[in-house]
Amino acid sequence: MKISYKWLNQFITLTETPEEIAKKLTYSGLEVEAVELYEPFKGGLEGLLVGKVLECERIPETEKLHKTKVDIGNGEVLAIVCGAPNIKQGLTVVVAPSGATLYPSDGGEPLKIKKGKIRGEVSEGMICAEDEIGLGGSHAGVIELSEEWAAGTAVAKVYKIETDHIFEIGLTPNRADAASHRGVARDLKALYKRALHPEKAISISNSLPVASVSIENKEACPRYTGIVLKNVKVAASPEWLQFRLKSIGLHPINNVVDITNYVLHGWGQPMHAFDFGKVKDGKIIVRNAKKGETLLTLDGITRTLNEADLLICNATEPMCIAGVMGGKDSGVSENTTSIFLESAYFHPTPVRKSSQRHAIKTDSSFRFERGTDPNIPAVALQVAVQLLQEITGAEIASAIFDSAPATVAPFEIKTSYPFITDYIGKEIPAETIRTILTDLEIQVSDTNNGQFTALVPPFKVDVTRPADLVEEVLRIYGYDNIPLSSSLSTNFLAEHPIKDRDKMQKKLTATLAGTGFSEIITNSLTTPVYAALLGKQTTSVEIQNKLSEELGVMRQDLLFSGLEILRYNINRRQQDLRLFEFGFVYKKGEAAGQFIEDHKLGLWVCGASEAESWQKKTQETDFYSIKQALALILDKLNISKYELRPLQNTMPFKEGLELFVQNKSAGMLGLVSPDILAQVDIKIPVYAAELNTAVLLKAYDNLPLYQEVTKFPEVKRDLSLVIDKKITFEELKKIASKVEKKLISDINVFDVFEGKQLGEDKKAYAISITLVDKTQTLTDKVIEQTMERLIEAYEKELGAVIRK
């Protein structure tokens with residue numbers, strides 16, 4: 001649902017910024033998913049200036065082209081070639097200087113103006129027509145402005161370009177009361193303790209005869225109001241009304257239909273206007289459909305009606321599916337001179353069923369399905385009548401028909417202040433609770449001992465129980481104002497989602513297998529020689545009934561199990577290997593008879609990192625191959641905080657690093673010592689890692705990470721720069737992050753060049769920079785400013801030379 005910031009000010013005075021309002025609404029339960037800048041003209045006419053044509057001369061051997069001299073203020077005169085038939089000396093025109101971007105009315109690609117030559121004449125800009133800058137569809141000639149405008153004046157000022165901020169609210173189905181600007185304003189009234197603007201009193205005479213209306217199904221239509229208006233002049237709506245509708249994504253149709261839409265989105269009351277000249281016998285009948293009846297609806301589809309469909313009919317035929325969509329034949333057209341204006345309360349169930357049955361979703365059905373205010377139809381009707389009188393010149397031709405003028409009584413909920421504070425978990429003064437409910441238009445009637453009765457207005461369809469009153473109080477009081485205390489501790493709750501080692505192992509298995517690793521499963525029994533090589537023979541767990549000395553102890557690590565598999569494959573000329581294994585290791589504890597079992601993950605890589613091909617040379621596995629695998633594992637487990645420290649005791653590695661997660665040792669990785677490899681008869685370098693899965697599991701964040709996909713487009717810019725060879729790509733990234741953290745989302749190298757023409761100590765980088773703003777569409781001006789600051793930083797800090 002779209003809500004306009006400026007439209008809200010019609011109901012309540014707001015001094016806060018749109019961003020502050022969005023935050024307040026979100027915390028109160030109306031989640032603002034985005035705040036977008038609305039510009040009636042794309043680009044907001046930015047960069048366009050008022051110009052004065054000083055000279056105008058036809059270019060020889062051309063029929064239409066003229067070379068002109070145009071003053072654009074500040075002493076600057078541009079030479080511009082123009083082919084418009086009405087161009088002449090003395091005109092005041094709209095000028096797009098070189099560098100400005102035009103957004104045409106037809107929605108075509110934006111056009112950036114560049115200095116160039118036309119028929120040998122220099123042209124430093126463009127004199128614009130309406131369609132070229134998005135102001136209209138005319139291309140008959142350049143725009144002729146009033147002479148009163150001085151050269152150099154921003155064109156946006158000439159046209160008084162008004163902008164707005166639009167809240168995209170993710171309205172939940174229970175909040176039907178907030179499905180309008182007035183409904184959102186009611187919440188802001190309570191949040192800011194600020195009064196709504198008083199509604200203007202409207203009086204309609206009852207001396208005129210009432211329109212002929214009969215209601216045959218009062219259960220489906222508990223209240224129906226309507227009025228006849230004559231001498232209606234159907235035309236385009238005034239600019240202010242079109243702006244309001246366009247800002248929330250609606251397309252203006254004509255002044256009558258636009259007023260009904262304005263009331264719908266302003267007050268939350270759907271309305272419909274019938275061409276009264278097409279209402280046969282002047283009779284309005286609210287009834288269910290008859291078998292076999294059809295209706296050509298506004299979307300141009302002839303629909304076969306169901307007997308359960310509630311209809312608005314004339315004396316002989318249907319004109320509208322009640323609360324869903326009107327008929328095409330009875331709709332308002334440019335020939336309409338009198339209308340019947342309907343404002344009703346329809347029961348949600350039949351509207352929802354008809355909407356589903358005919359697969360029609362409209363702004364009206366959206367609101368009727370969730371429940372509208374039965375007390376507002378007559379109020380909304382009067383608002384619409386006043387607008388129709390002011391905008392269309394309409395005259396009242398009947399008194400208001402109202403089938404149920406009596407006010408619908410509020411719903412009573414009996415509860416107590418202690419009940420509300422107990423539910424919330426914080427002592428809130430009774431006066432504060434009473435004020436919040438009153439601000440939400442829920443009247444409070446106190447009784448004895450903290451008991452009270454809440455009188456809930458019928459537009460609050462989701463407030464039916466004492467627990468609902470608790471929610472109303474809490475969302476206005478502020479969830480963030482409820483402190484966590486020892487009494488609210490969640491330490492006793494089970495961990496959720498449960499961290500399951502088997503699920504983690506399955507996840508990592510799929511990840512490693514997907515990157516070229518092969519899983520191995522080896523025997524937990526091994527030779528005692530391996531423990532002796534590492535000086536661990538005193539902690540070996542011996543097998544009492546061992547079958548042989550070769551399998552006489554339980555393994556204390558996975559390293560040698562993997563090396564044996566490597567040896568087996570290397571001896572068979574398979575040297576390019578990437579292996580992993582999940583398994584248990586065993587050792588004696590410090591106490592007598594104590595044995596310790598740990599679960600580990602082992603990784604081994606050797607040989608070539610990629611198979612040889614005609615495209616690239618074979619690249620041998622190195623330390624970064626095993627480190628990359630470790631980084632992938634940690635990333636998959638959402639472990640971002642870890643530390644790699646140099647190994648204190650390097651055995652069994654020649655050199656390596658120790659992994660620490662949450663300040664606990666989680667494993668080690670590195671180049672296996674040649675002495676160890678010699679013991680297992682392996683003659684090529686092997687890189688290995690052994691990780692403690694218990695430590696990884698504890699740090700594993702298994703909640704899914706989600707980042708909302710931005711609604712606004714990314715922009716890519718390429719940059720070629722010459723830098724010293726010693727400068728790394730990481731330095732370029734750090735500078736980019738320092739220059740602009742918000743807009744630069746990615747930076748990537750797509751080409752590197754070195755050659756004599758650059759110099760021995762130089763290299764050229766071609767980098768791609770991705771920019772995106774998650775709150776609005778980037779303008780050319782912002783993009784250019786960002787790139788200029790980035791280029792300046794590279795030149796200043798790195799001595800880079802930008803290649804153009």
# chains A, B, ... in the order shown; residues from 1 in each chain; ligands from 1
call {"tool": "closest_atom_pairs", "arguments": {"of": "stretch 21-62 of chain A", "to": "stretch 145-152 of chain A", "cutoff": "10 Å", "atoms": "only C-alpha atoms", "output": "Markdown table"}}
result
| residue | atom | partner | partner_atom | distance |
| --- | --- | --- | --- | --- |
| A:Leu48 | CA | A:Gly152 | CA | 8.9 |
| A:Leu49 | CA | A:Gly152 | CA | 5.3 |
| A:Val50 | CA | A:Ala151 | CA | 5.1 |
| A:Gly51 | CA | A:Ala151 | CA | 4.9 |
| A:Lys52 | CA | A:Ala151 | CA | 6.0 |
| A:Val53 | CA | A:Ala151 | CA | 9.7 |
call {"tool": "residues_around", "arguments": {"residues": "A:Val228", "least_positions_apart": "4", "cutoff": "6 Å", "atoms": "only C-alpha atoms", "output": "list in words"}}
result
Ile339, Phe340, Ala397 and Ser398 of chain A
call {"tool": "residues_around", "arguments": {"residues": "A:Ser247", "least_positions_apart": "6", "cutoff": "9 Å", "atoms": "only C-alpha atoms", "output": "list in words"}}
result
Lys2, Ile3, Ser4, Tyr38, Glu39, Pro40, Thr163, Asp164, His165 and Ile166 of chain A
call {"tool": "closest_atom_pairs", "arguments": {"of": "stretch 693-734 of chain A", "to": "stretch 629-637 of chain A", "cutoff": "9 Å", "atoms": "only C-alpha atoms", "output": "tab-separated table"}}
result
residue	atom	partner	partner_atom	distance
A:Leu696	CA	A:Leu637	CA	8.0
A:Leu697	CA	A:Leu637	CA	8.4
A:Ala699	CA	A:Leu637	CA	8.1
A:Tyr700	CA	A:Leu637	CA	5.2
A:Asp701	CA	A:Leu637	CA	6.2
A:Asn702	CA	A:Leu637	CA	7.0
call {"tool": "residues_around", "arguments": {"residues": "A:Ile433", "least_positions_apart": "5", "cutoff": "8 Å", "atoms": "only C-alpha atoms", "output": "list of chain:residue names"}}
result
A:Tyr417, A:Ile428, A:Val473
call {"tool": "write_last_selection", "arguments": {"atoms": "all heavy atoms", "output": "PDB file, in the first residue's frame"}}
result
ATOM      1  N   TYR A 417      -6.596  -2.817  34.053  1.00  0.00           N
ATOM      2  CA  TYR A 417      -5.240  -2.297  33.882  1.00  0.00           C
ATOM      3  C   TYR A 417      -4.191  -3.333  34.322  1.00  0.00           C
ATOM      4  O   TYR A 417      -3.170  -3.505  33.644  1.00  0.00           O
ATOM      5  CB  TYR A 417      -5.065  -0.987  34.646  1.00  0.00           C
ATOM      6  CG  TYR A 417      -5.952   0.123  34.130  1.00  0.00           C
ATOM      7  CD1 TYR A 417      -6.997   0.616  34.895  1.00  0.00           C
ATOM      8  CD2 TYR A 417      -5.745   0.669  32.865  1.00  0.00           C
ATOM      9  CE1 TYR A 417      -7.816   1.628  34.417  1.00  0.00           C
ATOM     10  CE2 TYR A 417      -6.556   1.683  32.377  1.00  0.00           C
ATOM     11  CZ  TYR A 417      -7.601   2.162  33.155  1.00  0.00           C
ATOM     12  OH  TYR A 417      -8.408   3.154  32.667  1.00  0.00           O
ATOM     13  N   ILE A 428       2.823  -0.126  33.698  1.00  0.00           N
ATOM     14  CA  ILE A 428       2.536   1.108  32.955  1.00  0.00           C
ATOM     15  C   ILE A 428       1.387   1.810  33.660  1.00  0.00           C
ATOM     16  O   ILE A 428       0.355   1.183  33.948  1.00  0.00           O
ATOM     17  CB  ILE A 428       2.159   0.794  31.490  1.00  0.00           C
ATOM     18  CG1 ILE A 428       3.310   0.065  30.792  1.00  0.00           C
ATOM     19  CG2 ILE A 428       1.818   2.066  30.739  1.00  0.00           C
ATOM     20  CD1 ILE A 428       2.993  -0.371  29.391  1.00  0.00           C
ATOM     21  N   VAL A 473      -2.028  -1.094  22.954  1.00  0.00           N
ATOM     22  CA  VAL A 473      -1.255  -0.289  23.908  1.00  0.00           C
ATOM     23  C   VAL A 473       0.236  -0.441  23.645  1.00  0.00           C
ATOM     24  O   VAL A 473       0.988   0.539  23.588  1.00  0.00           O
ATOM     25  CB  VAL A 473      -1.593  -0.704  25.356  1.00  0.00           C
ATOM     26  CG1 VAL A 473      -0.625  -0.035  26.340  1.00  0.00           C
ATOM     27  CG2 VAL A 473      -3.028  -0.326  25.700  1.00  0.00           C
TER      28      VAL A 473
END
call {"tool": "select_by_dssp", "arguments": {"residues": "stretch 253-488 of chain A", "states": "strand (DSSP E)", "output": "PyMOL selection string"}}
result
chain A and resi 271-275+283-288+294-296+302-304+310-313+318-321+325-326+339-345+395-396+401-402+411-416+443-446+451-456
call {"tool": "write_last_selection", "arguments": {"atoms": "C-alpha atoms", "output": "PDB file, in the first residue's frame"}}
result
ATOM      1  CA  MET A 271     -17.242   4.737  -3.853  1.00  0.00           C
ATOM      2  CA  HIS A 272     -18.745   4.347  -7.307  1.00  0.00           C
ATOM      3  CA  ALA A 273     -20.293   6.881  -9.699  1.00  0.00           C
ATOM      4  CA  PHE A 274     -22.981   5.748 -12.169  1.00  0.00           C
ATOM      5  CA  ASP A 275     -24.031   7.738 -15.224  1.00  0.00           C
ATOM      6  CA  LYS A 283     -34.114   3.139  -9.930  1.00  0.00           C
ATOM      7  CA  ILE A 284     -31.203   1.652  -7.953  1.00  0.00           C
ATOM      8  CA  ILE A 285     -31.762  -1.927  -6.770  1.00  0.00           C
ATOM      9  CA  VAL A 286     -29.291  -3.842  -4.573  1.00  0.00           C
ATOM     10  CA  ARG A 287     -29.949  -7.545  -5.110  1.00  0.00           C
ATOM     11  CA  ASN A 288     -28.335 -10.883  -5.853  1.00  0.00           C
ATOM     12  CA  THR A 294     -24.139 -11.307 -17.491  1.00  0.00           C
ATOM     13  CA  LEU A 295     -22.284  -8.026 -17.039  1.00  0.00           C
ATOM     14  CA  LEU A 296     -19.678  -6.262 -19.173  1.00  0.00           C
ATOM     15  CA  THR A 302     -18.300  -9.996 -20.189  1.00  0.00           C
ATOM     16  CA  ARG A 303     -18.812 -12.046 -17.021  1.00  0.00           C
ATOM     17  CA  THR A 304     -21.442 -14.671 -16.325  1.00  0.00           C
ATOM     18  CA  LEU A 310     -24.385  -9.124  -4.897  1.00  0.00           C
ATOM     19  CA  LEU A 311     -25.196  -6.580  -7.630  1.00  0.00           C
ATOM     20  CA  ILE A 312     -26.143  -2.942  -8.017  1.00  0.00           C
ATOM     21  CA  CYS A 313     -28.835  -2.878 -10.707  1.00  0.00           C
ATOM     22  CA  PRO A 318     -27.046  -5.272 -13.527  1.00  0.00           C
ATOM     23  CA  MET A 319     -24.731  -2.241 -13.464  1.00  0.00           C
ATOM     24  CA  CYS A 320     -22.047  -3.298 -10.975  1.00  0.00           C
ATOM     25  CA  ILE A 321     -20.707  -6.233  -8.929  1.00  0.00           C
ATOM     26  CA  MET A 325     -16.057  -3.648 -10.087  1.00  0.00           C
ATOM     27  CA  GLY A 326     -18.503  -1.480 -12.009  1.00  0.00           C
ATOM     28  CA  ILE A 339     -24.483  10.936 -11.852  1.00  0.00           C
ATOM     29  CA  PHE A 340     -25.683   8.728  -9.027  1.00  0.00           C
ATOM     30  CA  LEU A 341     -22.921   8.618  -6.418  1.00  0.00           C
ATOM     31  CA  GLU A 342     -22.810   5.488  -4.258  1.00  0.00           C
ATOM     32  CA  SER A 343     -21.138   5.046  -0.852  1.00  0.00           C
ATOM     33  CA  ALA A 344     -21.942   1.812   0.952  1.00  0.00           C
ATOM     34  CA  TYR A 345     -20.929  -0.724   3.561  1.00  0.00           C
ATOM     35  CA  GLU A 395     -25.481  20.631  -8.503  1.00  0.00           C
ATOM     36  CA  ILE A 396     -27.351  18.525  -5.954  1.00  0.00           C
ATOM     37  CA  PHE A 401     -30.497   8.257   0.591  1.00  0.00           C
ATOM     38  CA  ASP A 402     -29.289   6.361   3.668  1.00  0.00           C
ATOM     39  CA  PHE A 411     -17.881  -3.028  20.543  1.00  0.00           C
ATOM     40  CA  GLU A 412     -17.454  -3.491  24.319  1.00  0.00           C
ATOM     41  CA  ILE A 413     -14.426  -5.263  25.821  1.00  0.00           C
ATOM     42  CA  LYS A 414     -14.212  -5.634  29.599  1.00  0.00           C
ATOM     43  CA  THR A 415     -10.702  -5.893  31.035  1.00  0.00           C
ATOM     44  CA  SER A 416      -8.421  -4.332  33.664  1.00  0.00           C
ATOM     45  CA  GLN A 443     -13.121   5.189  24.582  1.00  0.00           C
ATOM     46  CA  VAL A 444     -12.457   3.993  28.140  1.00  0.00           C
ATOM     47  CA  SER A 445     -15.072   3.736  30.876  1.00  0.00           C
ATOM     48  CA  ASP A 446     -13.529   3.030  34.301  1.00  0.00           C
ATOM     49  CA  GLN A 451     -11.459  -2.657  35.904  1.00  0.00           C
ATOM     50  CA  PHE A 452     -12.595  -0.799  32.790  1.00  0.00           C
ATOM     51  CA  THR A 453     -14.688  -1.181  29.668  1.00  0.00           C
ATOM     52  CA  ALA A 454     -13.177  -0.314  26.306  1.00  0.00           C
ATOM     53  CA  LEU A 455     -15.572   0.935  23.630  1.00  0.00           C
ATOM     54  CA  VAL A 456     -13.957  -0.091  20.342  1.00  0.00           C
TER      55      VAL A 456
END
call {"tool": "atom_distance", "arguments": {"atom1": "atom CA of A:Asn663", "atom2": "atom CA of A:Lys698"}}
result
12.1 Å
call {"tool": "residues_around", "arguments": {"residues": "stretch 131-135 of chain A", "least_positions_apart": "4", "cutoff": "10 Å", "atoms": "only C-alpha atoms", "output": "mmCIF file with C-alpha atoms, in the first residue's frame"}}
result
data_model
loop_
_atom_site.group_PDB
_atom_site.id
_atom_site.type_symbol
_atom_site.label_atom_id
_atom_site.label_comp_id
_atom_site.auth_asym_id
_atom_site.auth_seq_id
_atom_site.Cartn_x
_atom_site.Cartn_y
_atom_site.Cartn_z
ATOM 1 C CA PRO A 40 6.115 13.999 -11.490
ATOM 2 C CA PHE A 41 8.759 14.346 -14.190
ATOM 3 C CA LYS A 42 11.553 11.811 -14.213
ATOM 4 C CA GLY A 43 14.797 13.515 -13.318
ATOM 5 C CA GLY A 44 12.905 16.511 -11.906
ATOM 6 C CA LEU A 45 14.037 18.685 -14.876
ATOM 7 C CA LEU A 48 17.686 22.402 -17.492
ATOM 8 C CA VAL A 94 14.236 25.663 -22.222
ATOM 9 C CA ALA A 96 19.670 21.477 -21.912
ATOM 10 C CA THR A 101 20.137 14.329 -19.141
ATOM 11 C CA LEU A 102 16.714 14.337 -20.803
ATOM 12 C CA TYR A 103 13.887 11.903 -19.999
ATOM 13 C CA PRO A 104 11.424 11.814 -22.932
ATOM 14 C CA SER A 105 7.658 11.517 -22.492
ATOM 15 C CA ASP A 106 7.441 8.258 -24.461
ATOM 16 C CA GLY A 107 9.473 6.454 -21.800
ATOM 17 C CA GLY A 108 12.422 5.929 -24.117
ATOM 18 C CA PRO A 110 17.384 8.851 -21.260
ATOM 19 C CA LEU A 111 19.465 11.118 -23.501
ATOM 20 C CA MET A 126 19.773 21.498 -27.003
ATOM 21 C CA ILE A 127 16.709 23.759 -27.097
ATOM 22 C CA HIS A 139 6.895 17.938 -30.707
ATOM 23 C CA ALA A 140 5.520 20.778 -32.839
ATOM 24 C CA GLY A 141 8.220 23.171 -31.712
ATOM 25 C CA VAL A 142 10.419 24.278 -28.850
ATOM 26 C CA ILE A 143 8.795 25.412 -25.594
ATOM 27 C CA TYR A 159 7.210 24.734 -13.637
#
call {"tool": "closest_residue", "arguments": {"among": "A:Val77, A:Ile565, A:Val332, A:Ile248", "to": "A:Phe167", "atoms": "only C-alpha atoms"}}
result
A:Ile248
call {"tool": "residues_around", "arguments": {"residues": "stretch 529-535 of chain A", "least_positions_apart": "4", "cutoff": "9 Å", "atoms": "only C-alpha atoms", "output": "VMD selection string"}}
result
chain A and resid 539 to 540 550 555 to 557 560 651 to 652 676 679
call {"tool": "write_last_selection", "arguments": {"atoms": "N, CA, C and O atoms", "output": "PDB file, in the first residue's frame"}}
result
ATOM      1  N   THR A 539      49.526 -40.911  25.013  1.00  0.00           N
ATOM      2  CA  THR A 539      48.072 -40.712  25.057  1.00  0.00           C
ATOM      3  C   THR A 539      47.335 -41.637  24.080  1.00  0.00           C
ATOM      4  O   THR A 539      46.133 -41.489  23.873  1.00  0.00           O
ATOM      5  N   SER A 540      48.037 -42.588  23.485  1.00  0.00           N
ATOM      6  CA  SER A 540      47.394 -43.504  22.544  1.00  0.00           C
ATOM      7  C   SER A 540      46.455 -44.463  23.268  1.00  0.00           C
ATOM      8  O   SER A 540      46.749 -44.942  24.377  1.00  0.00           O
ATOM      9  N   GLU A 550      49.901 -53.353  13.260  1.00  0.00           N
ATOM     10  CA  GLU A 550      49.607 -52.278  12.300  1.00  0.00           C
ATOM     11  C   GLU A 550      48.291 -51.582  12.615  1.00  0.00           C
ATOM     12  O   GLU A 550      48.081 -50.432  12.238  1.00  0.00           O
ATOM     13  N   ARG A 555      43.245 -43.968  16.305  1.00  0.00           N
ATOM     14  CA  ARG A 555      43.933 -42.795  15.763  1.00  0.00           C
ATOM     15  C   ARG A 555      43.684 -41.569  16.646  1.00  0.00           C
ATOM     16  O   ARG A 555      42.602 -41.411  17.215  1.00  0.00           O
ATOM     17  N   GLN A 556      44.700 -40.705  16.732  1.00  0.00           N
ATOM     18  CA  GLN A 556      44.593 -39.474  17.508  1.00  0.00           C
ATOM     19  C   GLN A 556      44.338 -38.255  16.622  1.00  0.00           C
ATOM     20  O   GLN A 556      44.068 -37.157  17.127  1.00  0.00           O
ATOM     21  N   ASP A 557      44.476 -38.435  15.311  1.00  0.00           N
ATOM     22  CA  ASP A 557      44.161 -37.363  14.368  1.00  0.00           C
ATOM     23  C   ASP A 557      43.805 -37.994  13.031  1.00  0.00           C
ATOM     24  O   ASP A 557      43.980 -39.191  12.832  1.00  0.00           O
ATOM     25  N   PHE A 560      47.052 -38.758   9.156  1.00  0.00           N
ATOM     26  CA  PHE A 560      47.693 -39.914   8.544  1.00  0.00           C
ATOM     27  C   PHE A 560      46.694 -40.786   7.780  1.00  0.00           C
ATOM     28  O   PHE A 560      47.057 -41.421   6.797  1.00  0.00           O
ATOM     29  N   MET A 651      54.685 -28.983  14.164  1.00  0.00           N
ATOM     30  CA  MET A 651      54.432 -30.388  13.801  1.00  0.00           C
ATOM     31  C   MET A 651      52.945 -30.694  13.861  1.00  0.00           C
ATOM     32  O   MET A 651      52.279 -30.276  14.827  1.00  0.00           O
ATOM     33  N   PRO A 652      52.396 -31.411  12.877  1.00  0.00           N
ATOM     34  CA  PRO A 652      53.069 -32.103  11.770  1.00  0.00           C
ATOM     35  C   PRO A 652      53.272 -31.241  10.513  1.00  0.00           C
ATOM     36  O   PRO A 652      53.423 -31.782   9.429  1.00  0.00           O
ATOM     37  N   ILE A 676      57.322 -35.932   7.707  1.00  0.00           N
ATOM     38  CA  ILE A 676      56.089 -36.725   7.870  1.00  0.00           C
ATOM     39  C   ILE A 676      55.745 -37.407   6.553  1.00  0.00           C
ATOM     40  O   ILE A 676      55.404 -38.605   6.509  1.00  0.00           O
ATOM     41  N   GLN A 679      57.731 -40.495   5.795  1.00  0.00           N
ATOM     42  CA  GLN A 679      57.355 -41.685   6.557  1.00  0.00           C
ATOM     43  C   GLN A 679      56.224 -42.460   5.881  1.00  0.00           C
ATOM     44  O   GLN A 679      56.080 -43.662   6.095  1.00  0.00           O
TER      45      GLN A 679
END
call {"tool": "closest_residue", "arguments": {"among": "A:Leu579, A:Val210, A:Ala399, A:Val749", "to": "A:Ala513", "atoms": "only C-alpha atoms"}}
result
A:Leu579
call {"tool": "residues_around", "arguments": {"residues": "stretch 66-71 of chain A", "least_positions_apart": "4", "cutoff": "7 Å", "atoms": "only C-alpha atoms", "output": "PyMOL selection string"}}
result
chain A and resi 51-59+76-83+151
call {"tool": "select_by_dssp", "arguments": {"residues": "stretch 384-449 of chain A", "states": "alpha helix (DSSP H)", "output": "PyMOL selection string"}}
result
chain A and resi 384-392+417-424+430-439
call {"tool": "write_last_selection", "arguments": {"atoms": "N, CA, C and O atoms", "output": "CSV table (one decimal), in the first residue's frame"}}
result
chain,number,residue,atom,x,y,z
A,384,ALA,N,-17.1,13.8,-1.0
A,384,ALA,CA,-17.1,13.7,-2.4
A,384,ALA,C,-18.0,14.7,-3.1
A,384,ALA,O,-17.7,15.3,-4.1
A,385,VAL,N,-19.2,14.9,-2.5
A,385,VAL,CA,-20.1,15.9,-3.1
A,385,VAL,C,-19.5,17.3,-3.1
A,385,VAL,O,-19.6,18.0,-4.1
A,386,GLN,N,-18.9,17.7,-2.0
A,386,GLN,CA,-18.3,19.0,-2.0
A,386,GLN,C,-17.2,19.1,-3.1
A,386,GLN,O,-17.1,20.2,-3.7
A,387,LEU,N,-16.4,18.1,-3.2
A,387,LEU,CA,-15.3,18.2,-4.3
A,387,LEU,C,-16.0,18.2,-5.7
A,387,LEU,O,-15.5,18.9,-6.5
A,388,LEU,N,-17.0,17.5,-5.9
A,388,LEU,CA,-17.7,17.5,-7.2
A,388,LEU,C,-18.3,18.8,-7.5
A,388,LEU,O,-18.3,19.3,-8.6
A,389,GLN,N,-18.8,19.5,-6.5
A,389,GLN,CA,-19.4,20.8,-6.7
A,389,GLN,C,-18.2,21.8,-7.0
A,389,GLN,O,-18.4,22.6,-7.9
A,390,GLU,N,-17.1,21.7,-6.3
A,390,GLU,CA,-16.0,22.6,-6.6
A,390,GLU,C,-15.3,22.4,-7.9
A,390,GLU,O,-14.9,23.3,-8.6
A,391,ILE,N,-15.1,21.1,-8.3
A,391,ILE,CA,-14.3,20.8,-9.4
A,391,ILE,C,-15.1,20.6,-10.7
A,391,ILE,O,-14.7,21.0,-11.8
A,392,THR,N,-16.3,20.0,-10.6
A,392,THR,CA,-17.1,19.7,-11.8
A,392,THR,C,-18.3,20.7,-12.0
A,392,THR,O,-18.9,20.6,-13.0
A,417,TYR,N,-6.6,-2.8,34.1
A,417,TYR,CA,-5.2,-2.3,33.9
A,417,TYR,C,-4.2,-3.3,34.3
A,417,TYR,O,-3.2,-3.5,33.6
A,418,PRO,N,-4.4,-4.0,35.5
A,418,PRO,CA,-3.4,-5.1,35.8
A,418,PRO,C,-3.3,-6.2,34.8
A,418,PRO,O,-2.2,-6.7,34.6
A,419,PHE,N,-4.4,-6.5,34.1
A,419,PHE,CA,-4.3,-7.6,33.1
A,419,PHE,C,-3.3,-7.1,31.9
A,419,PHE,O,-2.5,-7.8,31.5
A,420,ILE,N,-3.5,-5.8,31.6
A,420,ILE,CA,-2.6,-5.3,30.5
A,420,ILE,C,-1.2,-5.2,30.9
A,420,ILE,O,-0.3,-5.6,30.1
A,421,THR,N,-0.9,-4.7,32.1
A,421,THR,CA,0.5,-4.6,32.5
A,421,THR,C,1.1,-6.0,32.7
A,421,THR,O,2.3,-6.2,32.5
A,422,ASP,N,0.3,-7.0,33.2
A,422,ASP,CA,0.9,-8.3,33.4
A,422,ASP,C,1.2,-8.9,32.0
A,422,ASP,O,2.3,-9.6,31.9
A,423,TYR,N,0.4,-8.7,31.0
A,423,TYR,CA,0.7,-9.3,29.7
A,423,TYR,C,1.9,-8.6,29.1
A,423,TYR,O,2.7,-9.3,28.5
A,424,ILE,N,2.1,-7.3,29.3
A,424,ILE,CA,3.2,-6.6,28.7
A,424,ILE,C,4.5,-6.9,29.5
A,424,ILE,O,5.6,-6.9,28.9
A,430,ALA,N,-1.9,3.6,34.7
A,430,ALA,CA,-3.3,3.5,34.1
A,430,ALA,C,-3.6,4.7,33.3
A,430,ALA,O,-4.2,4.5,32.2
A,431,GLU,N,-3.1,5.9,33.7
A,431,GLU,CA,-3.4,7.1,32.9
A,431,GLU,C,-2.8,7.0,31.5
A,431,GLU,O,-3.3,7.4,30.5
A,432,THR,N,-1.5,6.4,31.4
A,432,THR,CA,-0.9,6.2,30.1
A,432,THR,C,-1.6,5.3,29.2
A,432,THR,O,-1.8,5.5,28.0
A,433,ILE,N,-2.1,4.2,29.8
A,433,ILE,CA,-2.9,3.2,29.0
A,433,ILE,C,-4.2,3.9,28.5
A,433,ILE,O,-4.6,3.7,27.4
A,434,ARG,N,-4.8,4.6,29.4
A,434,ARG,CA,-6.1,5.3,29.0
A,434,ARG,C,-5.9,6.3,27.9
A,434,ARG,O,-6.6,6.4,27.0
A,435,THR,N,-4.7,7.1,28.0
A,435,THR,CA,-4.4,8.1,27.0
A,435,THR,C,-4.2,7.4,25.6
A,435,THR,O,-4.6,7.9,24.6
A,436,ILE,N,-3.4,6.3,25.6
A,436,ILE,CA,-3.1,5.6,24.4
A,436,ILE,C,-4.4,5.1,23.7
A,436,ILE,O,-4.6,5.3,22.5
A,437,LEU,N,-5.2,4.5,24.5
A,437,LEU,CA,-6.5,4.0,23.9
A,437,LEU,C,-7.4,5.1,23.4
A,437,LEU,O,-8.0,5.0,22.3
A,438,THR,N,-7.4,6.2,24.1
A,438,THR,CA,-8.3,7.3,23.7
A,438,THR,C,-7.7,7.9,22.4
A,438,THR,O,-8.5,8.3,21.5
A,439,ASP,N,-6.4,8.0,22.3
A,439,ASP,CA,-5.8,8.6,21.1
A,439,ASP,C,-6.1,7.7,19.9
A,439,ASP,O,-6.1,8.2,18.8
call {"tool": "atom_distance", "arguments": {"atom1": "atom CA of A:Glu46", "atom2": "atom CA of A:Val158"}}
result
12.0 Å
call {"tool": "closest_residue", "arguments": {"among": "A:Leu191, A:Ile12, A:Val461, A:Leu671", "to": "A:Leu30", "atoms": "only C-alpha atoms"}}
result
A:Leu191
